[in-house]
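Engineer: Provided herewith is a single structure, encoded as structure tokens, for subsequent inquiry.
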Amino acid sequence: MATYWFGRAWIDESWQRDVRLTVENGRISALETGVGAAPDDERHAAALPGLCNVHSHGFQRGMAGLSERRSRPEDNFWSWREIMYRFLDRLTPDDVAAITAQAYAEMLEGGFTRVGEFHYLHHDPAGAAYADPAEMAGAIVQASAATGIGLTLLPVFYAHGNFGGAQPSAGQRRFLSDIDGFAQLLDGARAKLVGDANIGIAPHSLRAVAPKQLAALLAMSPTGPVHIHAAEQEKEVADCVAWSGARPVEWLLDNAAVDARWCLIHSTHLSAVEVPRLAASGAIAGLCPITEANLGDGIFPAVDFLAADGRFGIGTDSNILIDVAGELRALEYSQRLAHRARALLAGETSPFVGAHLYAQALAGGAQALGVEAGLAVGQPADIVSLDLDHPSFAGTDDATLLDRWIFAGGAGTIDCVWRAGVKRVEGGRHVDRAAIAAAYRQSVERIVA
């Protein structure tokens with residue numbers, strides 16, 4: 001048992017003062033407000049509930065910054081994908097564990113306490129299954145255990161190169177499964193989970209999964225999270241219309257019984273009809289604003305989506321730069337650039353943008369990963385403390401505190417992070433950062449040599 005006292009803590013979407021938390025077996029067993037600190041309490045200035053990262057490809061952290069030169073006159077997502085395929089060709093399970101651990105340590109330092117790992121790198125460099133079909137999933141679990149981050153594992157089914165059952169490319173050989181092989185992989189991955197890790201399924205996209213396969217996957221996993229890439233690129237939308245007569249999100253809403261357990265990743269290119277339909281489905285839009293900007297994907301229609309009571313979570317996708325505040329800031333700024341206005345993602349009863357975005361991302365992220373979130377008795381002790389001595393917080397009050405963090409402070413203002421009651425970040429750095437970074441450096445230097 002451990003006890004913590006915070007000068008203020010964000011509980012039920014508002015700041016409460018003088019908060020004492022008791023943590024037992026990784027969960028909050030008691031919560032008191034308006035009380036003084038006891039002599040043995042560990043004391044901190046401000047506590048937030050940790051966020052869920054709804055979408056990560058952990059191994060891509062190792063190629064961050066390697067695709068920023070122009071490789072053709074019309075450089076875009078599809079040319080970036082070719083670079084990514086070349087990078088992953090040399091990855092071993094040990095490399096995936098080391099690179100993903102670096103990403104996960106940075107997620108904790110940035111304010112994420114659980115990650116949804118959209119895991120599609122399954123096979124050896126020749127495209128053959130490992131003796132243990134879930135060996136790469138084991139590398140993800142290893143990275144989670146090494147860093148302490150909560151894990152929602154999302155094994156990816158990938159069978160085709162494009163809509164209509166097109167043949168996959170050579171670069172996709174490490175991803176591919178048939179239904180029977182995927183069932184075996186899923187069972188093997190489930191057996192590797194530890195602690196409070198959970199599992200869902202991730203049909204990669206309508207490009208990569210045929211309708212009958214999608215139906216089989218949903219029958220295979222009738223409960224738990226379902227994540228799928230959808231409408232990230234304009235070419236993807238055009239190809240889907242050519243194949244089916246419908247846009248990707250439209251097709252899913254018409255044919256896949258999309259509901260609250262679904263998370264549609266990106267959903268960047270929605271029509272005016274799709275926006276309210278997706279919102280009404282109860283599904284989460286999994287937004288990754290930093291990656292979407294880096295890849296030139298486009299701008300999600302967040303103003304209209306939130307006006308329709310849509311729900312969203314945030315993710316770090318390619319892990320080009322990992323930071324809770326940065327993702328939320330990029331989301332708001334994308335809307336300002338698109339609409340040439342300010343403070344667009346505030347709520348009707350919540351005029352401060354930072355607080356409204358954080359509340360929405362907290363609830364939506366937890367829903368997308370099939371877990372609970374928030375500082376409350378019975379919940380996991382997933383806590384982020386802010387350093388209110390940081391200059392960005394000078395003169396702040398409760399109303400502006402989250403705006404100061406998200407728009408002016410960023411990850412450098414995070415002091416400590418606890419995951420399931422264990423302190424994983426102290427003084428802004430993961431407690432095992434040196435060893436994790438050394439293993440990461442060794443893998444990446446060999447891969448890019």
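Identifiers in the structure tokens: chain A, B, ... in order shown; residue index from 1 per chain; ligand index from 1 in order shown.
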With a cut-off of 9 Å, could you pull out the residues of segment 320-432 of chain A touching segment 191-208 of chain A and give me the nearest pair of atoms for each, distance in Å to one decimal, using only C-alpha atoms, ordered by chain and ascending number, as a Markdown table?
Structural biologist:
| residue | atom | partner | partner_atom | distance |
| --- | --- | --- | --- | --- |
| A:Leu369 | CA | A:Gly200 | CA | 8.1 |
| A:Gly370 | CA | A:Asn198 | CA | 8.0 |
| A:Val371 | CA | A:Asn198 | CA | 8.7 |
Engineer: List every residue of segment 1-201 of chain A that DSSP, applied to the backbone of this structure, places in strand (DSSP E or B), and write the result as a PyMOL selection string.
Structural biologist: chain A and resi 2-11+14-24+27-32+42-49+51-56+112-119+150-157+198-199+201
Engineer: Between A:Thr223, A:Ser350, A:Thr147, A:Ser318, single out the one closest to Gln102 of chain A, counting only C-alpha atoms.
Structural biologist: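 Of the candidates, the smallest distance to Gln102 of chain A is held by A:Thr147.
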Engineer: Would you kindly return, as a PDB file with N, CA and C atoms, in the first residue's frame, each protein, DNA or RNA residue with an atom no farther than 7 Å from any atom of Glu332 of chain A, considering only C-alpha atoms and excluding same-chain residues fewer than 4 positions away?
Structural biologist:
ATOM      1  N   LEU A 328      -2.652  16.638 -28.890  1.00  0.00           N
ATOM      2  CA  LEU A 328      -3.851  17.440 -28.686  1.00  0.00           C
ATOM      3  C   LEU A 328      -3.678  18.841 -29.271  1.00  0.00           C
ATOM      4  N   ARG A 336      -7.671  25.070 -36.720  1.00  0.00           N
ATOM      5  CA  ARG A 336      -7.473  26.516 -36.879  1.00  0.00           C
ATOM      6  C   ARG A 336      -6.966  26.834 -38.282  1.00  0.00           C
ATOM      7  N   LEU A 344     -11.411  26.279 -31.543  1.00  0.00           N
ATOM      8  CA  LEU A 344     -12.510  25.612 -32.243  1.00  0.00           C
ATOM      9  C   LEU A 344     -13.009  24.358 -31.545  1.00  0.00           C
ATOM     10  N   LEU A 345     -12.157  23.709 -30.770  1.00  0.00           N
ATOM     11  CA  LEU A 345     -12.544  22.430 -30.177  1.00  0.00           C
ATOM     12  C   LEU A 345     -12.861  22.554 -28.694  1.00  0.00           C
TER      13      LEU A 345
END
Engineer: Neighbours of Gly111 of chain A within 8 Å (only C-alpha atoms; same-chain residues fewer than 4 positions away dropped), as a PyMOL selection string?
Structural biologist: chain A and resi 50-51+107+323-324+384+411+414+417
Engineer: Using only C-alpha atoms, which of A:Gly282, A:Pro276, A:Gly412, A:Gly364 sits nearest Val303 of chain A?
Structural biologist: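 Ranked by minimum distance to Val303 of chain A, first place goes to A:Pro276.
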